[in-house]
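Peer 1: So that you have it, the file is work_19.tsv, and it contains TSV, C-alpha atoms:
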chain	number	residue	atom	x	y	z
N	11	MET	CA	-20.29	-3.25	21.15
N	12	ASN	CA	-19.00	-6.68	20.21
N	13	TYR	CA	-20.66	-8.71	17.45
N	14	LYS	CA	-19.61	-11.44	15.06
N	15	ALA	CA	-18.64	-10.25	11.57
N	16	VAL	CA	-19.46	-11.29	8.02
N	17	CYS	CA	-16.33	-11.23	5.85
N	18	SER	CA	-16.07	-11.47	2.07
N	19	ASP	CA	-13.44	-13.76	0.57
N	20	VAL	CA	-12.91	-12.69	-3.05
N	21	ARG	CA	-11.02	-15.07	-5.37
N	22	GLY	CA	-11.29	-13.91	-8.96
N	23	SER	CA	-15.00	-13.78	-9.80
N	24	ASN	CA	-15.95	-16.04	-6.86
N	25	VAL	CA	-17.11	-14.29	-3.67
N	26	THR	CA	-17.65	-16.32	-0.50
N	27	VAL	CA	-19.20	-14.85	2.66
N	28	VAL	CA	-17.88	-16.12	5.99
N	29	LEU	CA	-19.33	-15.62	9.48
N	30	THR	CA	-16.64	-15.26	12.19
N	31	ASP	CA	-16.72	-17.36	15.36
N	32	ALA	CA	-15.50	-14.58	17.63
N	33	SER	CA	-17.29	-11.35	18.56
N	34	MET	CA	-15.40	-8.06	18.25
N	35	THR	CA	-15.82	-4.32	17.66
N	36	TRP	CA	-16.48	-3.05	14.10
N	37	THR	CA	-12.87	-1.82	13.75
N	38	GLU	CA	-11.48	-5.15	14.99
N	39	ALA	CA	-13.85	-6.96	12.61
N	40	GLN	CA	-12.60	-4.88	9.67
N	41	SER	CA	-8.96	-5.69	10.52
N	42	HIS	CA	-9.78	-9.38	11.05
N	43	CYS	CA	-11.52	-9.65	7.67
N	44	ARG	CA	-8.72	-7.81	5.86
N	45	VAL	CA	-6.03	-10.03	7.38
N	46	ASN	CA	-7.80	-13.38	6.96
N	47	TYR	CA	-10.10	-12.80	3.97
N	48	THR	CA	-10.67	-9.73	1.74
N	49	ASP	CA	-12.77	-7.29	3.78
N	50	LEU	CA	-16.00	-6.90	5.74
N	51	THR	CA	-18.76	-7.85	3.34
N	52	SER	CA	-20.53	-5.33	1.12
N	53	VAL	CA	-24.26	-5.92	0.56
N	54	ARG	CA	-25.12	-4.30	-2.77
N	55	ASN	CA	-28.36	-6.04	-3.74
N	56	MET	CA	-31.09	-8.36	-2.44
N	57	THR	CA	-29.24	-11.47	-3.66
N	58	GLU	CA	-26.17	-10.59	-1.58
N	59	ASN	CA	-28.42	-9.66	1.34
N	60	GLN	CA	-30.06	-13.11	1.15
N	61	LYS	CA	-26.64	-14.78	1.09
N	62	VAL	CA	-25.65	-12.97	4.31
N	63	GLN	CA	-29.02	-13.64	5.93
N	64	GLU	CA	-28.63	-17.40	5.38
N	65	LEU	CA	-25.45	-17.35	7.53
N	66	ILE	CA	-26.91	-15.56	10.54
N	67	PRO	CA	-28.87	-17.34	13.27
N	68	ALA	CA	-32.33	-15.81	13.86
N	69	GLY	CA	-32.24	-12.62	15.90
N	70	GLU	CA	-28.43	-12.30	15.91
N	71	ARG	CA	-26.67	-9.03	14.99
N	72	VAL	CA	-23.46	-9.04	12.94
N	73	TRP	CA	-21.07	-6.44	11.55
N	74	ILE	CA	-21.06	-5.74	7.78
N	75	GLY	CA	-18.86	-3.33	5.81
N	76	LEU	CA	-21.09	-0.25	5.74
N	77	PHE	CA	-20.06	2.67	7.97
N	78	ARG	CA	-20.54	6.42	8.29
N	79	ASP	CA	-17.30	8.38	8.24
N	80	SER	CA	-17.87	12.10	8.86
N	81	TRP	CA	-14.23	12.94	9.66
N	82	LYS	CA	-12.50	14.85	6.87
N	83	TRP	CA	-8.87	15.89	6.29
N	84	SER	CA	-8.27	19.65	6.19
N	85	ASP	CA	-6.50	19.44	2.79
N	86	GLY	CA	-9.56	17.75	1.26
N	87	SER	CA	-7.89	14.38	0.73
N	88	SER	CA	-9.84	11.21	1.44
N	89	SER	CA	-8.58	8.23	3.40
N	90	SER	CA	-10.34	5.46	5.32
N	91	PHE	CA	-7.26	5.02	7.58
N	92	ARG	CA	-8.02	5.69	11.26
N	93	HIS	CA	-5.78	5.40	14.33
N	94	TRP	CA	-8.12	6.25	17.22
N	95	ARG	CA	-7.13	5.52	20.81
N	96	PRO	CA	-9.39	2.89	22.46
N	97	SER	CA	-11.61	5.53	24.11
N	98	ALA	CA	-11.93	7.77	21.03
N	99	PRO	CA	-13.77	9.29	19.33
N	100	THR	CA	-16.14	10.19	22.14
N	101	GLY	CA	-19.06	11.04	19.88
N	102	SER	CA	-19.50	14.42	21.55
N	103	LEU	CA	-19.13	17.85	19.95
N	104	LYS	CA	-15.33	17.66	19.91
N	105	SER	CA	-14.61	18.35	16.25
N	106	CYS	CA	-10.81	18.37	15.90
N	107	VAL	CA	-8.23	15.60	16.21
N	108	ALA	CA	-4.86	15.48	17.97
N	109	ALA	CA	-2.26	12.71	17.83
N	110	VAL	CA	-1.00	11.62	21.26
N	111	PHE	CA	2.60	10.63	20.57
N	112	GLY	CA	3.18	9.45	24.13
N	113	GLN	CA	0.76	6.63	23.31
N	114	SER	CA	1.90	5.34	19.90
N	115	GLY	CA	0.46	8.37	18.11
N	116	GLY	CA	-3.13	7.31	18.83
N	117	TRP	CA	-5.78	9.90	17.95
N	118	ASP	CA	-8.09	11.80	20.32
N	119	ASP	CA	-10.98	14.10	19.43
N	120	TRP	CA	-10.57	17.50	21.14
N	121	ASN	CA	-12.22	20.90	21.15
N	122	CYS	CA	-10.82	23.02	18.32
N	123	ASP	CA	-10.16	26.09	20.52
N	124	LEU	CA	-7.43	24.32	22.57
N	125	LYS	CA	-3.89	25.56	21.90
N	126	ARG	CA	-1.45	22.79	21.00
N	127	ALA	CA	1.72	22.30	18.94
N	128	PHE	CA	0.97	21.34	15.35
N	129	ILE	CA	2.55	19.68	12.33
N	130	CYS	CA	2.47	21.20	8.83
N	131	TYR	CA	3.42	19.75	5.48
N	132	SER	CA	4.21	21.32	2.13
N	133	VAL	CA	4.10	19.93	-1.39
N	134	MET	CA	7.34	20.27	-3.35
N	135	PRO	CA	6.74	22.20	-6.60
N	136	VAL	CA	7.35	20.22	-9.79
N	137	SER	CA	10.34	22.43	-10.66
N	138	GLU	CA	12.03	21.48	-7.37
N	139	LYS	CA	11.49	17.75	-7.67
N	140	VAL	CA	14.71	15.81	-7.78
N	141	MET	CA	15.33	13.38	-10.60
N	142	LYS	CA	18.06	10.82	-10.17
N	143	VAL	CA	19.41	8.67	-12.98
N	144	MET	CA	20.80	5.28	-12.04
N	145	LYS	CA	22.77	2.96	-14.26
N	146	LEU	CA	22.08	-0.67	-13.47
N	147	ARG	CA	23.93	-3.81	-14.48
N	148	PHE	CA	21.98	-7.06	-14.81
N	149	LYS	CA	23.36	-10.56	-15.08
N	150	THR	CA	20.92	-13.10	-16.56
N	151	GLN	CA	21.11	-16.82	-15.92
N	152	ASP	CA	19.24	-17.49	-19.16
N	153	SER	CA	21.09	-15.99	-22.14
N	154	SER	CA	17.96	-16.33	-24.32
N	155	VAL	CA	16.11	-13.68	-22.26
N	156	ASP	CA	15.76	-10.41	-24.19
N	157	LEU	CA	16.06	-7.62	-21.62
N	158	ASN	CA	14.68	-5.14	-24.16
N	159	ASP	CA	11.44	-7.08	-24.55
N	160	HIS	CA	8.64	-4.80	-23.27
N	161	ALA	CA	7.18	-7.44	-20.92
N	162	VAL	CA	10.64	-8.17	-19.45
N	163	THR	CA	11.48	-4.50	-18.84
N	164	GLU	CA	8.03	-3.96	-17.26
N	165	ASP	CA	8.64	-6.91	-14.91
N	166	ILE	CA	12.12	-5.61	-13.98
N	167	LEU	CA	10.65	-2.15	-13.27
N	168	LYS	CA	7.90	-3.69	-11.13
N	169	GLN	CA	10.43	-5.67	-9.07
N	170	LEU	CA	12.67	-2.60	-8.63
N	171	LYS	CA	9.70	-0.52	-7.43
N	172	GLN	CA	8.82	-3.17	-4.85
N	173	ARG	CA	12.42	-3.40	-3.60
N	174	LEU	CA	12.69	0.38	-3.28
N	175	LYS	CA	9.32	0.49	-1.50
N	176	ASP	CA	10.57	-2.17	0.93
N	177	GLN	CA	13.60	0.09	1.55
N	178	GLY	CA	11.34	3.03	2.46
N	179	LEU	CA	10.78	4.82	-0.87
N	180	ASN	CA	7.52	6.74	-0.50
N	181	ASP	CA	4.48	6.24	-2.74
N	182	HIS	CA	4.89	9.68	-4.37
N	183	SER	CA	8.22	8.70	-5.94
N	184	LYS	CA	8.11	7.58	-9.55
N	185	LEU	CA	10.40	5.09	-11.25
N	186	SER	CA	10.77	4.86	-15.01
N	187	ARG	CA	13.17	3.46	-17.58
N	188	ARG	CA	15.06	5.60	-20.07
N	189	LYS	CA	15.53	4.49	-23.65
N	190	GLN	CA	18.85	5.12	-25.39
N	191	PRO	CA	19.00	6.92	-28.79
N	192	ASP	CA	18.82	3.52	-30.53
N	193	GLY	CA	15.51	2.79	-28.79
N	194	LYS	CA	16.94	0.17	-26.43
N	195	VAL	CA	16.85	0.27	-22.63
N	196	PHE	CA	19.61	-2.30	-22.07
N	197	HIS	CA	22.84	-2.93	-23.93
N	198	GLU	CA	24.98	-6.02	-23.74
N	199	GLU	CA	28.26	-5.24	-22.04
N	200	GLU	CA	31.34	-6.44	-23.84
N	201	GLU	CA	33.79	-8.23	-21.59
N	202	GLU	CA	37.26	-6.76	-21.74
N	203	GLU	CA	39.95	-9.30	-22.39
N	204	GLU	CA	42.50	-9.23	-19.64
N	205	GLU	CA	46.08	-9.92	-20.54
N	206	GLU	CA	47.53	-12.84	-18.73
N	207	GLU	CA	50.47	-11.92	-16.51
N	208	ASP	CA	52.72	-14.68	-17.83
N	209	GLN	CA	52.01	-13.83	-21.47
N	210	PRO	CA	54.96	-12.00	-23.05
N	211	LYS	CA	54.18	-8.48	-24.24
N	212	THR	CA	55.22	-7.45	-27.75
N	213	ARG	CA	56.32	-3.99	-28.66
Could you quickly redo this structure as structure tokens?

Peer 2:
Amino acid sequence: MNYKAVCSDVRGSNVTVVLTDASMTWTEAQSHCRVNYTDLTSVRNMTENQKVQELIPAGERVWIGLFRDSWKWSDGSSSSFRHWRPSAPTGSLKSCVAAVFGQSGGWDDWNCDLKRAFICYSVMPVSEKVMKVMKLRFKTQDSSVDLNDHAVTEDILKQLKQRLKDQGLNDHSKLSRRKQPDGKVFHEEEEEEEEEEDQPKTR
């Protein structure tokens, strides 16, 4: 079913509700709101309900952010991410899900007694986790910046995490800084004086 959607646009403590011009499915409405605003609106009290009601022409139906999600992951984890194919789920008694990789990995609901190939995953024990130590060299344009200032090192760490994430580092990886015995993270590197070739050497 296609309806217009009510999106919430959250900016600090200000929340604005917006009615879309176009009609779409609930899933399309959720994506539209998340791309253009914050999300489909949540109605948590009568005041918010009144605010939404004032936007909607009499007798019109619109999508809001409430939904029933009965699908659960077998490992007990929770996630609102869904990648159903356009015709799924069918709403019938098919209780298990298969990914159809011939069609962009879209999901189909199937009967659980069908025999299919399957994908497993395992969690690496803590003792087997790999820790890598990297030594980094920074060049600052402003010599007054103290790289050992807590706020500065936090900002550097945040930027490094984002760069590594952009390069494909998964969310389970952790990045931290290591302090030296003197309590500092960074040390100023002394430039080695190079001898000029035309300077005579003394014995």

Peer 1: To one decimal in Å, tell me the separation between CA of Lys104 in chain N and CA of Cys122 in chain N.

Peer 2: 7.2 Å

Peer 1: Would you please work out which residue, of N:Ser132, N:Glu38, N:Leu174, N:Val195, is nearest to Leu157 in chain N when using all atoms listed in the file?

Peer 2: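 The answer is N:Val195, which sits nearest to Leu157 in chain N.
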
Peer 1: Set the distance at 8 Å and use only C-alpha atoms: which residues neighbour Thr35 in chain N once local chain neighbours fewer than 6 positions away are removed? I'd like the list as a list in words.

Peer 2: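 Non-adjacent residues within range: Met11, Asn12 and Tyr13 of chain N.
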
Peer 1: How would the residues just picked look written out with C-alpha atoms as a compact mmCIF listing (two decimals), in the coordinates of the input?

Peer 2:
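Result file result_9.txt:
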# COMPACT_ATOMS: atom_id res chain seq x y z
CA MET N 11 -20.29 -3.25 21.15
CA ASN N 12 -19.00 -6.68 20.21
CA TYR N 13 -20.66 -8.71 17.45

Peer 1: Which neighbours of Trp94 in chain N fall inside 9 Å, counting all atoms listed in the file, when residues of the same chain fewer than 5 positions from it are skipped, and could you give them as a CSV table (one decimal) with C-alpha atoms, keeping the file's coordinate frame?

Peer 2:
chain,number,residue,atom,x,y,z
N,99,PRO,CA,-13.8,9.3,19.3
N,109,ALA,CA,-2.3,12.7,17.8
N,115,GLY,CA,0.5,8.4,18.1
N,116,GLY,CA,-3.1,7.3,18.8
N,117,TRP,CA,-5.8,9.9,18.0
N,118,ASP,CA,-8.1,11.8,20.3
N,119,ASP,CA,-11.0,14.1,19.4

Peer 1: Which value, in Å to one decimal, gives the distance between CA of Trp120 in chain N and CA of Ser105 in chain N?

Peer 2: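 It comes out at 6.4 Å.
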
Peer 1: Grab range 50-75 of chain N from that structure and dump N, CA, C and O atoms to a file, as a PDB file, in the first residue's frame.

Peer 2:
ATOM      1  N   LEU N  50      11.154   8.325  10.141  1.00  0.00           N
ATOM      2  CA  LEU N  50       9.695   8.378  10.248  1.00  0.00           C
ATOM      3  C   LEU N  50       9.351   8.835  11.660  1.00  0.00           C
ATOM      4  O   LEU N  50      10.035   8.466  12.621  1.00  0.00           O
ATOM      5  N   THR N  51       8.312   9.612  11.800  1.00  0.00           N
ATOM      6  CA  THR N  51       8.034  10.224  13.100  1.00  0.00           C
ATOM      7  C   THR N  51       7.585   9.216  14.150  1.00  0.00           C
ATOM      8  O   THR N  51       6.912   8.227  13.838  1.00  0.00           O
ATOM      9  N   SER N  52       7.991   9.466  15.384  1.00  0.00           N
ATOM     10  CA  SER N  52       7.529   8.681  16.534  1.00  0.00           C
ATOM     11  C   SER N  52       6.487   9.526  17.260  1.00  0.00           C
ATOM     12  O   SER N  52       6.700  10.713  17.492  1.00  0.00           O
ATOM     13  N   VAL N  53       5.366   8.907  17.618  1.00  0.00           N
ATOM     14  CA  VAL N  53       4.292   9.612  18.327  1.00  0.00           C
ATOM     15  C   VAL N  53       4.242   9.056  19.737  1.00  0.00           C
ATOM     16  O   VAL N  53       3.723   7.963  19.963  1.00  0.00           O
ATOM     17  N   ARG N  54       4.803   9.794  20.698  1.00  0.00           N
ATOM     18  CA  ARG N  54       4.977   9.255  22.048  1.00  0.00           C
ATOM     19  C   ARG N  54       4.009   9.819  23.075  1.00  0.00           C
ATOM     20  O   ARG N  54       3.986   9.375  24.217  1.00  0.00           O
ATOM     21  N   ASN N  55       3.225  10.817  22.690  1.00  0.00           N
ATOM     22  CA  ASN N  55       2.243  11.378  23.623  1.00  0.00           C
ATOM     23  C   ASN N  55       1.162  12.123  22.827  1.00  0.00           C
ATOM     24  O   ASN N  55       1.264  12.251  21.603  1.00  0.00           O
ATOM     25  N   MET N  56       0.146  12.605  23.529  1.00  0.00           N
ATOM     26  CA  MET N  56      -0.982  13.263  22.850  1.00  0.00           C
ATOM     27  C   MET N  56      -0.560  14.570  22.174  1.00  0.00           C
ATOM     28  O   MET N  56      -1.102  14.944  21.142  1.00  0.00           O
ATOM     29  N   THR N  57       0.427  15.257  22.748  1.00  0.00           N
ATOM     30  CA  THR N  57       0.906  16.507  22.135  1.00  0.00           C
ATOM     31  C   THR N  57       1.500  16.224  20.769  1.00  0.00           C
ATOM     32  O   THR N  57       1.219  16.925  19.787  1.00  0.00           O
ATOM     33  N   GLU N  58       2.354  15.186  20.688  1.00  0.00           N
ATOM     34  CA  GLU N  58       2.961  14.822  19.403  1.00  0.00           C
ATOM     35  C   GLU N  58       1.904  14.306  18.434  1.00  0.00           C
ATOM     36  O   GLU N  58       1.973  14.563  17.236  1.00  0.00           O
ATOM     37  N   ASN N  59       0.916  13.591  18.957  1.00  0.00           N
ATOM     38  CA  ASN N  59      -0.168  13.088  18.119  1.00  0.00           C
ATOM     39  C   ASN N  59      -0.953  14.256  17.502  1.00  0.00           C
ATOM     40  O   ASN N  59      -1.314  14.224  16.326  1.00  0.00           O
ATOM     41  N   GLN N  60      -1.194  15.289  18.297  1.00  0.00           N
ATOM     42  CA  GLN N  60      -1.905  16.475  17.815  1.00  0.00           C
ATOM     43  C   GLN N  60      -1.109  17.185  16.731  1.00  0.00           C
ATOM     44  O   GLN N  60      -1.650  17.644  15.722  1.00  0.00           O
ATOM     45  N   LYS N  61       0.204  17.245  16.917  1.00  0.00           N
ATOM     46  CA  LYS N  61       1.089  17.895  15.948  1.00  0.00           C
ATOM     47  C   LYS N  61       1.019  17.194  14.586  1.00  0.00           C
ATOM     48  O   LYS N  61       0.975  17.831  13.531  1.00  0.00           O
ATOM     49  N   VAL N  62       0.983  15.850  14.620  1.00  0.00           N
ATOM     50  CA  VAL N  62       0.883  15.065  13.386  1.00  0.00           C
ATOM     51  C   VAL N  62      -0.496  15.243  12.766  1.00  0.00           C
ATOM     52  O   VAL N  62      -0.638  15.426  11.554  1.00  0.00           O
ATOM     53  N   GLN N  63      -1.519  15.217  13.612  1.00  0.00           N
ATOM     54  CA  GLN N  63      -2.895  15.320  13.136  1.00  0.00           C
ATOM     55  C   GLN N  63      -3.150  16.637  12.400  1.00  0.00           C
ATOM     56  O   GLN N  63      -3.908  16.683  11.431  1.00  0.00           O
ATOM     57  N   GLU N  64      -2.499  17.707  12.852  1.00  0.00           N
ATOM     58  CA  GLU N  64      -2.671  19.021  12.226  1.00  0.00           C
ATOM     59  C   GLU N  64      -2.133  19.048  10.793  1.00  0.00           C
ATOM     60  O   GLU N  64      -2.541  19.880   9.989  1.00  0.00           O
ATOM     61  N   LEU N  65      -1.206  18.137  10.468  1.00  0.00           N
ATOM     62  CA  LEU N  65      -0.613  18.095   9.122  1.00  0.00           C
ATOM     63  C   LEU N  65      -1.478  17.352   8.118  1.00  0.00           C
ATOM     64  O   LEU N  65      -1.380  17.576   6.917  1.00  0.00           O
ATOM     65  N   ILE N  66      -2.297  16.437   8.609  1.00  0.00           N
ATOM     66  CA  ILE N  66      -2.969  15.474   7.725  1.00  0.00           C
ATOM     67  C   ILE N  66      -4.369  15.952   7.339  1.00  0.00           C
ATOM     68  O   ILE N  66      -5.178  16.263   8.209  1.00  0.00           O
ATOM     69  N   PRO N  67      -4.651  15.993   6.040  1.00  0.00           N
ATOM     70  CA  PRO N  67      -6.015  16.335   5.603  1.00  0.00           C
ATOM     71  C   PRO N  67      -7.017  15.307   6.146  1.00  0.00           C
ATOM     72  O   PRO N  67      -6.668  14.133   6.335  1.00  0.00           O
ATOM     73  N   ALA N  68      -8.229  15.733   6.395  1.00  0.00           N
ATOM     74  CA  ALA N  68      -9.266  14.866   6.992  1.00  0.00           C
ATOM     75  C   ALA N  68      -9.462  13.590   6.186  1.00  0.00           C
ATOM     76  O   ALA N  68      -9.575  13.626   4.956  1.00  0.00           O
ATOM     77  N   GLY N  69      -9.438  12.470   6.880  1.00  0.00           N
ATOM     78  CA  GLY N  69      -9.701  11.182   6.252  1.00  0.00           C
ATOM     79  C   GLY N  69      -8.507  10.556   5.548  1.00  0.00           C
ATOM     80  O   GLY N  69      -8.595   9.428   5.050  1.00  0.00           O
ATOM     81  N   GLU N  70      -7.369  11.236   5.515  1.00  0.00           N
ATOM     82  CA  GLU N  70      -6.190  10.687   4.812  1.00  0.00           C
ATOM     83  C   GLU N  70      -5.372   9.802   5.740  1.00  0.00           C
ATOM     84  O   GLU N  70      -5.248  10.079   6.929  1.00  0.00           O
ATOM     85  N   ARG N  71      -4.786   8.727   5.192  1.00  0.00           N
ATOM     86  CA  ARG N  71      -3.918   7.828   5.952  1.00  0.00           C
ATOM     87  C   ARG N  71      -2.462   8.130   5.612  1.00  0.00           C
ATOM     88  O   ARG N  71      -2.135   8.373   4.446  1.00  0.00           O
ATOM     89  N   VAL N  72      -1.612   8.089   6.624  1.00  0.00           N
ATOM     90  CA  VAL N  72      -0.179   8.356   6.405  1.00  0.00           C
ATOM     91  C   VAL N  72       0.646   7.348   7.191  1.00  0.00           C
ATOM     92  O   VAL N  72       0.172   6.771   8.171  1.00  0.00           O
ATOM     93  N   TRP N  73       1.888   7.145   6.752  1.00  0.00           N
ATOM     94  CA  TRP N  73       2.800   6.262   7.477  1.00  0.00           C
ATOM     95  C   TRP N  73       3.436   7.022   8.642  1.00  0.00           C
ATOM     96  O   TRP N  73       3.828   8.176   8.494  1.00  0.00           O
ATOM     97  N   ILE N  74       3.573   6.354   9.800  1.00  0.00           N
ATOM     98  CA  ILE N  74       4.365   6.862  10.922  1.00  0.00           C
ATOM     99  C   ILE N  74       5.408   5.790  11.258  1.00  0.00           C
ATOM    100  O   ILE N  74       5.453   4.738  10.614  1.00  0.00           O
ATOM    101  N   GLY N  75       6.226   6.016  12.260  1.00  0.00           N
ATOM    102  CA  GLY N  75       7.377   5.147  12.504  1.00  0.00           C
ATOM    103  C   GLY N  75       7.136   3.861  13.257  1.00  0.00           C
ATOM    104  O   GLY N  75       8.066   3.078  13.455  1.00  0.00           O
TER     105      GLY N  75
END
